[in-house]
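S.K.: If you scroll down you'll find the structure; I have some questions about it.
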Amino acid sequence: MSVRRIDQDHTRFRQIVKGRIKQDLKRFVSSGELIGKQGQRYVTIPLPQITLPRFRYGDNQKQGVGQGEGENGKPVPGQDGEGAGQAGEDAGKHSIEVDVSLEDLAKILGEELELPNIEPRGNKQLRTAAGRYTGISRVGPMSLRHFKRTFREALKRQIASGTYDPEHPLVVPIREDFRFRSLQTRSVPQASAAIVYMMDVSGSMGREQKEMVRIEAFWIDTWLRHQYKNIEVRYIVHDAVASEVDQHTFFHLRESGGTKISSAYELCLQIVRDKYPAQEWNIYPFHFSDGDNWSTRDTEHCVSLLKDSLLPMCNQFCYGQVKSAYGSGQFKKDLDTAFRGDEKVVTTDIQDRDGILPSIKAFLGKGR
Amino acid sequence: MGNLTPELAALRDETRDLAKSYGLDFYEVIYELVDHDELNMVASYGGFPVRYPHWRFGMEYEHLSKSYAYGLSKIYELVINNDPCYAYLMRSNSITEQKLVMAHVYGHCDFFKNNAWFSHTSRKMMDVLANHGAKVRRYMDRYGQERVENFIDVVQSLDNLIDPYSPYIDRGTTPRADARSEDEGPAREVKKIAAKDYMDRYINPPAFLQREKERMQAEDTQARRFPAKPARDVLKFLLDHAPMQSWEQDVLAMLRDEAYYFAPQGMTKIMNEGWAVFWHSQLMTKHLCDASEIVQYCDTHSGTLASRPGQINPYKMGVELFRHIEERWNKGRFGAEFMACDDPEVRRQWNRPTNQGRQKVFEVRRIYNDVTFLDEFVTPEFAEDQKMFVYGQDPQTGKLMIVDRDYTKVKNQLLAALTNFGNPIIKVIDGNYKNRGELYLVHEWVGGDLQLDQAQLTLQGLFRMWQRPVHIETNEGGKGRLLSFDGKESTSTEVTASHPAVGRVGSAKA
């Protein structure tokens, strides 16, 4: 069989997804998802999917039958907000779910979004770690010879040369058959990274906006942790004033009031200066907001803070603007104008949950 | 035949003989030993590696192989309804798993052969689909891959518009539009009963005559309508009446045949899986498993039956219900006396050894489908034992909440979800709407709204086939709504008066 049929169909599918052929189908491409389980929570892995339109029911009336414990009026157990998968529908196919490690998740994410590996900066970026005996070589000291491999080679040679007799299964290795364990050295990045998440918690950021930030932060975290050995994460929330908080508070806090973005940038700057000297750390500030700032004066202040102090220290500054009912979205425009052509500043618009993945790709896709 | 190792071949023979000794009856089963990649490939084609080329299979393949590569899931069994049955075994499975899969497969094969709903399916489907594949390829060579594929895309977005019961009932034929006689003849007269003049208005009351006359007129108008009866098999209607080239007609007919072939699998998902689990657990625990394998068997078995809270696992639901039926018919829990008894304690204690359980489950697997199966056999005790509940969405938090454990509500919800495989029921009402050859469909609204944006896009595909404006009447938030596409733009208008033929559908149903 020269080319398998499935490969032809698969190529065709990939071409449609990439928009090379049949452009009118491109509008039906969505990022479908694979559902994996990581510890207690389900995470989803993006996979492109083409859904042809059909006459089908909307999901505006979610109801159904389930099995399990619980009283009337209590939540159905086992749903933690997102990503509860549907059981497969095809007849005669059995599937099982398996846990995925965070490491694997990061790899999967990297492959699906085609993220480049990040190049750490600084001089002493690479350190040679003590190697492990995982390789095989044809030469080496007898103390390291690999018995099993050696005899397997000998057996292969004897069968090939017809000297092997099943009645007298005698296998004698000669010089060429010997195999030795050899040292594989691995490069381990020494560099470490600091992530500073900043989030606008003013009145206009609602539940859904926070949820979007949470999902995005989780993936960014996963990816950066995969890239760096040492990672430190700091969280800042701000409305008119900024304060540093722990992770839980970061995602659950709801404040209300005005928005002064410069307060967050000042605090971020202070943290970075105190704790993370730029020579040793790769610094990634992420800021999420709905784009409403208190005044144009404050926005100017933000721009100058970024330009003069923060940017020179960071690998990259990312600003994600979450769409909300109240936000004007002005801040992103201001940043874009101020930093046109500056590669270190990446801004994205996150309209809804589907916008999360493109946004991550924009943030991490440059490999800085 | 097949490529089994001698060990697996011996195992196959043992399992087959055991299955036969229990009365299972199946076509010959041919096992193919494949690696995971081949299995993913075969599974992408729905079990038939010979199907026509289409990107959808490629998409399926990507999903399967990615989730296998990432260790998210793996398929370990695949069997198709054919004579002989083809079943695929994953090479990397352990012997215990292979035993389980084989036992499971014989359950499916027995079901395919004997369940009445499969009776119309072609048992030479491997050949049929290979022919379809060859024809589609030939059309692609001749008319261009993209052109043929685009047409297939359209058909696929409509292929849930079939009438799954039509293979079992004679629905009559829809006459072709041009075949109807133009000469309608004189209007029919209401037949009067002969009576003397002075008795006439008592024996033939004028009000009655008037009603009869109207009824006949309505009948005549309906008969003149096209189609005369609402057509649920939309694909057939298109096949008969849409202006198509002959290759398009051929492709549509082939895909429609495939849809009908796969339909019974959707109709009997719970039963079919339940039946297979019922038999693999019998054969494994009573015969095939030796002591050292029992833990691994239990692990795999429970993985199959595991249900997340809040979801129905068809494997579990099916096997539990079969076991429940067997127990009931073993203990005499049936018949008028049992059904009339409404004391839950008495019902639970009921035990009159009748021992007809085995016989009953075989009968059930022959004549029921999922809807009738659940309708007939989900009893209050069963619903309670299985801890079934109805859930709904809390409008505030968006979380799913347990609403009720009442057995009738559980059952209604279950049946509603299974009706027409969870697809909306859509019929062709008028093929000559406004006397302008426009196509008018009606969604029979029974509580669930359509996804309107999707419906609009589907209409565009339908237009591609009908080549005249197309409409669908549905309901949104309790109000009638008409979606239309005239070839240029999609419109959505509120409907105040339904299409005249719709009223008749309603009354015919009542």
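Naming works like this for the structure tokens: A, B, ... for the chains as they're shown, residue 1 at the start of each chain, ligands 1 onward in shown order.
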Can you check which residues of chain B have any atom within 7 Å of chain A? Use only C-alpha atoms and format it as a PyMOL selection string.
M.R.: chain B and resi 41+53-55+57-59+67+71-79+157-158+265+269+303+309-312+386-393+399-404+410+413-414+423-424+448-451+454-455+457-458
S.K.: Those residues you just picked out, can you put them in a file as an mmCIF file, in the first residue's frame with C-alpha atoms?
M.R.:
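The resulting again.cif:
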```
data_model
loop_
_atom_site.group_PDB
_atom_site.id
_atom_site.type_symbol
_atom_site.label_atom_id
_atom_site.label_comp_id
_atom_site.auth_asym_id
_atom_site.auth_seq_id
_atom_site.Cartn_x
_atom_site.Cartn_y
_atom_site.Cartn_z
ATOM 1 C CA MET B 41 -7.791 4.464 10.955
ATOM 2 C CA PRO B 53 -12.794 9.792 0.537
ATOM 3 C CA HIS B 54 -13.800 12.712 2.691
ATOM 4 C CA TRP B 55 -12.008 15.095 5.019
ATOM 5 C CA PHE B 57 -12.718 10.858 8.226
ATOM 6 C CA GLY B 58 -9.358 12.594 8.318
ATOM 7 C CA MET B 59 -10.593 14.837 11.095
ATOM 8 C CA SER B 67 -5.961 11.437 21.984
ATOM 9 C CA GLY B 71 -2.681 9.048 26.419
ATOM 10 C CA LEU B 72 -6.143 10.463 26.822
ATOM 11 C CA SER B 73 -8.114 7.535 25.548
ATOM 12 C CA LYS B 74 -7.820 4.424 23.518
ATOM 13 C CA ILE B 75 -10.229 2.297 21.607
ATOM 14 C CA TYR B 76 -9.935 -1.329 22.348
ATOM 15 C CA GLU B 77 -12.767 -2.867 20.471
ATOM 16 C CA LEU B 78 -14.509 -2.269 17.205
ATOM 17 C CA VAL B 79 -17.042 -4.497 15.483
ATOM 18 C CA SER B 157 -25.293 18.431 6.888
ATOM 19 C CA LEU B 158 -28.761 17.112 6.000
ATOM 20 C CA GLN B 265 -27.114 1.475 15.790
ATOM 21 C CA LYS B 269 -27.179 1.980 21.521
ATOM 22 C CA GLY B 303 -13.696 1.192 33.433
ATOM 23 C CA PRO B 309 -22.169 11.484 38.249
ATOM 24 C CA GLY B 310 -24.753 13.289 36.255
ATOM 25 C CA GLN B 311 -24.321 11.305 33.101
ATOM 26 C CA ILE B 312 -25.858 8.182 31.749
ATOM 27 C CA GLN B 386 -29.918 3.204 39.852
ATOM 28 C CA LYS B 387 -30.225 6.518 41.709
ATOM 29 C CA MET B 388 -31.562 8.215 38.632
ATOM 30 C CA PHE B 389 -32.523 11.847 38.678
ATOM 31 C CA VAL B 390 -33.553 14.656 36.388
ATOM 32 C CA TYR B 391 -31.281 17.655 36.304
ATOM 33 C CA GLY B 392 -31.718 21.138 34.996
ATOM 34 C CA GLN B 393 -29.654 24.248 34.759
ATOM 35 C CA LYS B 399 -24.648 24.973 37.376
ATOM 36 C CA LEU B 400 -26.605 21.808 36.807
ATOM 37 C CA MET B 401 -28.923 21.063 39.673
ATOM 38 C CA ILE B 402 -30.763 17.908 40.609
ATOM 39 C CA VAL B 403 -34.390 18.707 40.003
ATOM 40 C CA ASP B 404 -36.317 15.583 40.743
ATOM 41 C CA VAL B 410 -36.983 10.565 34.961
ATOM 42 C CA GLN B 413 -36.830 12.910 30.254
ATOM 43 C CA LEU B 414 -34.976 9.775 29.190
ATOM 44 C CA ASN B 423 -32.541 15.144 16.624
ATOM 45 C CA PRO B 424 -35.400 17.510 15.877
ATOM 46 C CA GLY B 448 -36.643 22.240 22.315
ATOM 47 C CA ASP B 449 -35.685 25.210 20.157
ATOM 48 C CA LEU B 450 -33.432 24.818 17.165
ATOM 49 C CA GLN B 451 -30.028 26.428 17.070
ATOM 50 C CA GLN B 454 -26.949 26.684 12.504
ATOM 51 C CA ALA B 455 -30.378 26.266 10.964
ATOM 52 C CA LEU B 457 -26.534 27.857 7.498
ATOM 53 C CA THR B 458 -28.161 24.486 6.896
#
```
S.K.: Which of segment 72-118 of chain B counts as alpha helix (DSSP H) under DSSP, as a ChimeraX atom specification please?
M.R.: /B:95-114
S.K.: Can you tell me which residues surround Arg358 of chain B at a distance of at most 12 Å, considering only C-alpha atoms, apart from same-chain residues fewer than 6 positions away, and format the answer as a PyMOL selection string?
M.R.: chain B and resi 22-24+278-279+322-331+364-365
S.K.: Go ahead and save the picked residues with N, CA, C and O atoms, as a CSV table (one decimal), in the first residue's frame.
M.R.:
```csv
chain,number,residue,atom,x,y,z
B,22,TYR,N,-24.6,-20.8,25.1
B,22,TYR,CA,-25.6,-20.1,25.8
B,22,TYR,C,-26.8,-19.6,24.9
B,22,TYR,O,-27.6,-18.9,25.3
B,23,GLY,N,-26.7,-20.0,23.6
B,23,GLY,CA,-27.8,-19.7,22.8
B,23,GLY,C,-27.6,-18.5,21.9
B,23,GLY,O,-28.5,-18.0,21.2
B,24,LEU,N,-26.4,-17.9,22.0
B,24,LEU,CA,-26.1,-16.7,21.1
B,24,LEU,C,-26.0,-17.2,19.7
B,24,LEU,O,-25.5,-18.3,19.5
B,278,PHE,N,-23.6,-7.7,29.2
B,278,PHE,CA,-24.2,-8.8,29.8
B,278,PHE,C,-23.5,-10.1,29.5
B,278,PHE,O,-23.2,-10.9,30.4
B,279,TRP,N,-23.2,-10.3,28.3
B,279,TRP,CA,-22.6,-11.5,27.9
B,279,TRP,C,-21.1,-11.6,28.2
B,279,TRP,O,-20.6,-12.7,28.6
B,322,PHE,N,-31.0,-5.1,31.6
B,322,PHE,CA,-31.1,-6.5,31.2
B,322,PHE,C,-31.1,-7.4,32.4
B,322,PHE,O,-31.9,-8.4,32.5
B,323,ARG,N,-30.2,-7.1,33.4
B,323,ARG,CA,-30.2,-8.0,34.6
B,323,ARG,C,-31.4,-7.8,35.4
B,323,ARG,O,-32.0,-8.8,36.0
B,324,HIS,N,-32.0,-6.6,35.4
B,324,HIS,CA,-33.2,-6.3,36.1
B,324,HIS,C,-34.3,-7.1,35.5
B,324,HIS,O,-35.1,-7.8,36.2
B,325,ILE,N,-34.4,-7.2,34.2
B,325,ILE,CA,-35.4,-7.9,33.5
B,325,ILE,C,-35.3,-9.4,33.8
B,325,ILE,O,-36.3,-10.1,34.2
B,326,GLU,N,-34.1,-9.9,33.8
B,326,GLU,CA,-33.9,-11.3,34.0
B,326,GLU,C,-34.3,-11.7,35.4
B,326,GLU,O,-35.0,-12.7,35.6
B,327,GLU,N,-34.0,-10.8,36.4
B,327,GLU,CA,-34.4,-11.1,37.8
B,327,GLU,C,-35.9,-11.0,37.9
B,327,GLU,O,-36.5,-11.9,38.5
B,328,ARG,N,-36.5,-10.0,37.3
B,328,ARG,CA,-38.0,-9.9,37.4
B,328,ARG,C,-38.7,-11.2,36.8
B,328,ARG,O,-39.6,-11.7,37.4
B,329,TRP,N,-38.2,-11.7,35.7
B,329,TRP,CA,-38.9,-12.8,35.1
B,329,TRP,C,-38.5,-14.1,35.7
B,329,TRP,O,-39.1,-15.1,35.6
B,330,ASN,N,-37.4,-14.1,36.5
B,330,ASN,CA,-37.1,-15.3,37.3
B,330,ASN,C,-37.9,-15.3,38.5
B,330,ASN,O,-38.3,-16.4,39.0
B,331,LYS,N,-38.3,-14.2,39.0
B,331,LYS,CA,-39.0,-14.2,40.3
B,331,LYS,C,-40.5,-13.9,40.1
B,331,LYS,O,-41.2,-13.5,41.1
B,364,VAL,N,-36.5,-9.9,24.6
B,364,VAL,CA,-36.3,-8.5,24.6
B,364,VAL,C,-35.3,-8.0,23.6
B,364,VAL,O,-35.5,-7.1,22.8
B,365,ARG,N,-34.2,-8.8,23.5
B,365,ARG,CA,-33.1,-8.4,22.5
B,365,ARG,C,-33.6,-8.5,21.1
B,365,ARG,O,-33.1,-7.9,20.2
```
S.K.: Just the residues within 7 Å of segment 351-357 of chain A, please, counting only C-alpha atoms, with nothing from its chain fewer than 5 positions along; format it as a list in words.
M.R.: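 So the residues in contact are Met212, Glu216, Val322 and Lys323 of chain A.
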S.K.: Write a file of the just-selected residues containing all heavy atoms, as a PDB file, in the first residue's frame.
M.R.:
```pdb
ATOM      1  N   MET A 212     -12.272  33.933  32.387  1.00  0.00           N
ATOM      2  CA  MET A 212     -11.435  33.914  31.202  1.00  0.00           C
ATOM      3  C   MET A 212      -9.975  34.156  31.575  1.00  0.00           C
ATOM      4  O   MET A 212      -9.063  33.495  31.079  1.00  0.00           O
ATOM      5  CB  MET A 212     -11.918  34.962  30.192  1.00  0.00           C
ATOM      6  CG  MET A 212     -13.008  34.433  29.287  1.00  0.00           C
ATOM      7  SD  MET A 212     -14.175  35.648  28.675  1.00  0.00           S
ATOM      8  CE  MET A 212     -13.148  36.826  27.892  1.00  0.00           C
ATOM      9  N   GLU A 216      -6.813  31.521  31.071  1.00  0.00           N
ATOM     10  CA  GLU A 216      -5.635  31.935  30.330  1.00  0.00           C
ATOM     11  C   GLU A 216      -4.391  31.846  31.219  1.00  0.00           C
ATOM     12  O   GLU A 216      -3.344  31.350  30.796  1.00  0.00           O
ATOM     13  CB  GLU A 216      -5.824  33.358  29.802  1.00  0.00           C
ATOM     14  CG  GLU A 216      -4.594  33.838  29.074  1.00  0.00           C
ATOM     15  CD  GLU A 216      -4.908  34.740  27.893  1.00  0.00           C
ATOM     16  OE1 GLU A 216      -6.089  34.980  27.622  1.00  0.00           O
ATOM     17  OE2 GLU A 216      -3.953  35.180  27.258  1.00  0.00           O
ATOM     18  N   VAL A 322      -9.863  41.954  28.116  1.00  0.00           N
ATOM     19  CA  VAL A 322     -11.054  41.108  28.154  1.00  0.00           C
ATOM     20  C   VAL A 322     -12.250  41.964  27.826  1.00  0.00           C
ATOM     21  O   VAL A 322     -12.375  43.077  28.312  1.00  0.00           O
ATOM     22  CB  VAL A 322     -11.227  40.520  29.560  1.00  0.00           C
ATOM     23  CG1 VAL A 322     -12.290  39.456  29.546  1.00  0.00           C
ATOM     24  CG2 VAL A 322      -9.929  39.968  30.074  1.00  0.00           C
ATOM     25  N   LYS A 323     -13.109  41.436  27.012  1.00  0.00           N
ATOM     26  CA  LYS A 323     -14.287  42.216  26.641  1.00  0.00           C
ATOM     27  C   LYS A 323     -15.309  42.192  27.765  1.00  0.00           C
ATOM     28  O   LYS A 323     -15.663  41.147  28.289  1.00  0.00           O
ATOM     29  CB  LYS A 323     -14.919  41.619  25.389  1.00  0.00           C
ATOM     30  CG  LYS A 323     -16.241  42.246  25.036  1.00  0.00           C
ATOM     31  CD  LYS A 323     -16.378  42.355  23.556  1.00  0.00           C
ATOM     32  CE  LYS A 323     -17.743  42.895  23.201  1.00  0.00           C
ATOM     33  NZ  LYS A 323     -17.692  44.201  22.582  1.00  0.00           N
TER      34      LYS A 323
END
```
S.K.: Identify which of the residues B:Phe373, B:Phe237, B:Tyr368, B:Phe334 lies closest to Trp466 of chain B, counting only C-alpha atoms when measuring atom-to-atom distances.
M.R.: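 Among the listed residues, B:Phe237 lies closest to Trp466 of chain B.
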S.K.: List as a ChimeraX atom specification the protein and nucleic acid residues near segment 4-18 of chain B, meaning an atom at most 7 Å away when only C-alpha atoms are counted, but skip any in the same chain fewer than 2 places from it.
M.R.: /B:2,20-22,32-33,102-103
S.K.: Pick out the residues sitting within 10 Å of Ser119 of chain B, and hand them over as a VMD selection string; count only C-alpha atoms, and ignore anything fewer than 6 positions along from it in its own chain.
M.R.: chain B and resid 112 to 113 167 to 168 264
S.K.: Write out, as a short mmCIF file (atom, residue, chain, number, x, y, z; two decimals), in the first residue's frame, the residues just selected, with N, CA, C and O atoms.
M.R.:
```
data_model
loop_
_atom_site.label_atom_id
_atom_site.label_comp_id
_atom_site.auth_asym_id
_atom_site.auth_seq_id
_atom_site.Cartn_x
_atom_site.Cartn_y
_atom_site.Cartn_z
N PHE B 112 -26.72 -7.81 16.41
CA PHE B 112 -26.87 -7.37 15.02
C PHE B 112 -27.74 -8.35 14.23
O PHE B 112 -28.61 -7.97 13.47
N LYS B 113 -27.50 -9.62 14.45
CA LYS B 113 -28.19 -10.61 13.62
C LYS B 113 -29.65 -10.75 14.02
O LYS B 113 -30.50 -10.97 13.17
N PRO B 167 -38.19 2.07 7.08
CA PRO B 167 -37.92 0.71 6.57
C PRO B 167 -38.90 -0.32 7.10
O PRO B 167 -38.99 -1.42 6.56
N TYR B 168 -39.62 0.01 8.16
CA TYR B 168 -40.50 -0.99 8.79
C TYR B 168 -41.96 -0.77 8.45
O TYR B 168 -42.80 -1.59 8.78
N PRO B 264 -30.06 2.11 12.84
CA PRO B 264 -30.42 1.20 13.94
C PRO B 264 -29.37 1.18 15.07
O PRO B 264 -29.72 0.92 16.22
#
```
S.K.: Check the smallest atom-to-atom distance from each of B:Gln296, B:Met140, B:Lys196, B:Ala259 to Thr96 of chain B using only C-alpha atoms, then report the winner.
M.R.: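 Checking each candidate against Thr96 of chain B, we get B:Gln296 as the closest.
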S.K.: Would you kindly return, as a ChimeraX atom specification, each protein, DNA or RNA residue with an atom no farther than 8 Å from any atom of segment 275-289 of chain A, considering only C-alpha atoms and excluding same-chain residues fewer than 4 positions away?
M.R.: /A:120-122,191-201,205,213,268,271,313-322
S.K.: For a test of reading the model, state the distance in Å between atom CA of Asn355 of chain B and atom CA of Arg333 of chain B, rounded to one decimal.
M.R.: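 Atom-to-atom, atom CA of Asn355 of chain B and atom CA of Arg333 of chain B are spaced 10.6 Å apart.
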S.K.: Enumerate the residues of segment 46-279 of chain B with a DSSP assignment of strand (DSSP E), computed from the backbone, and present them as a VMD selection string.
M.R.: chain B and resid 78 to 80 85 to 90
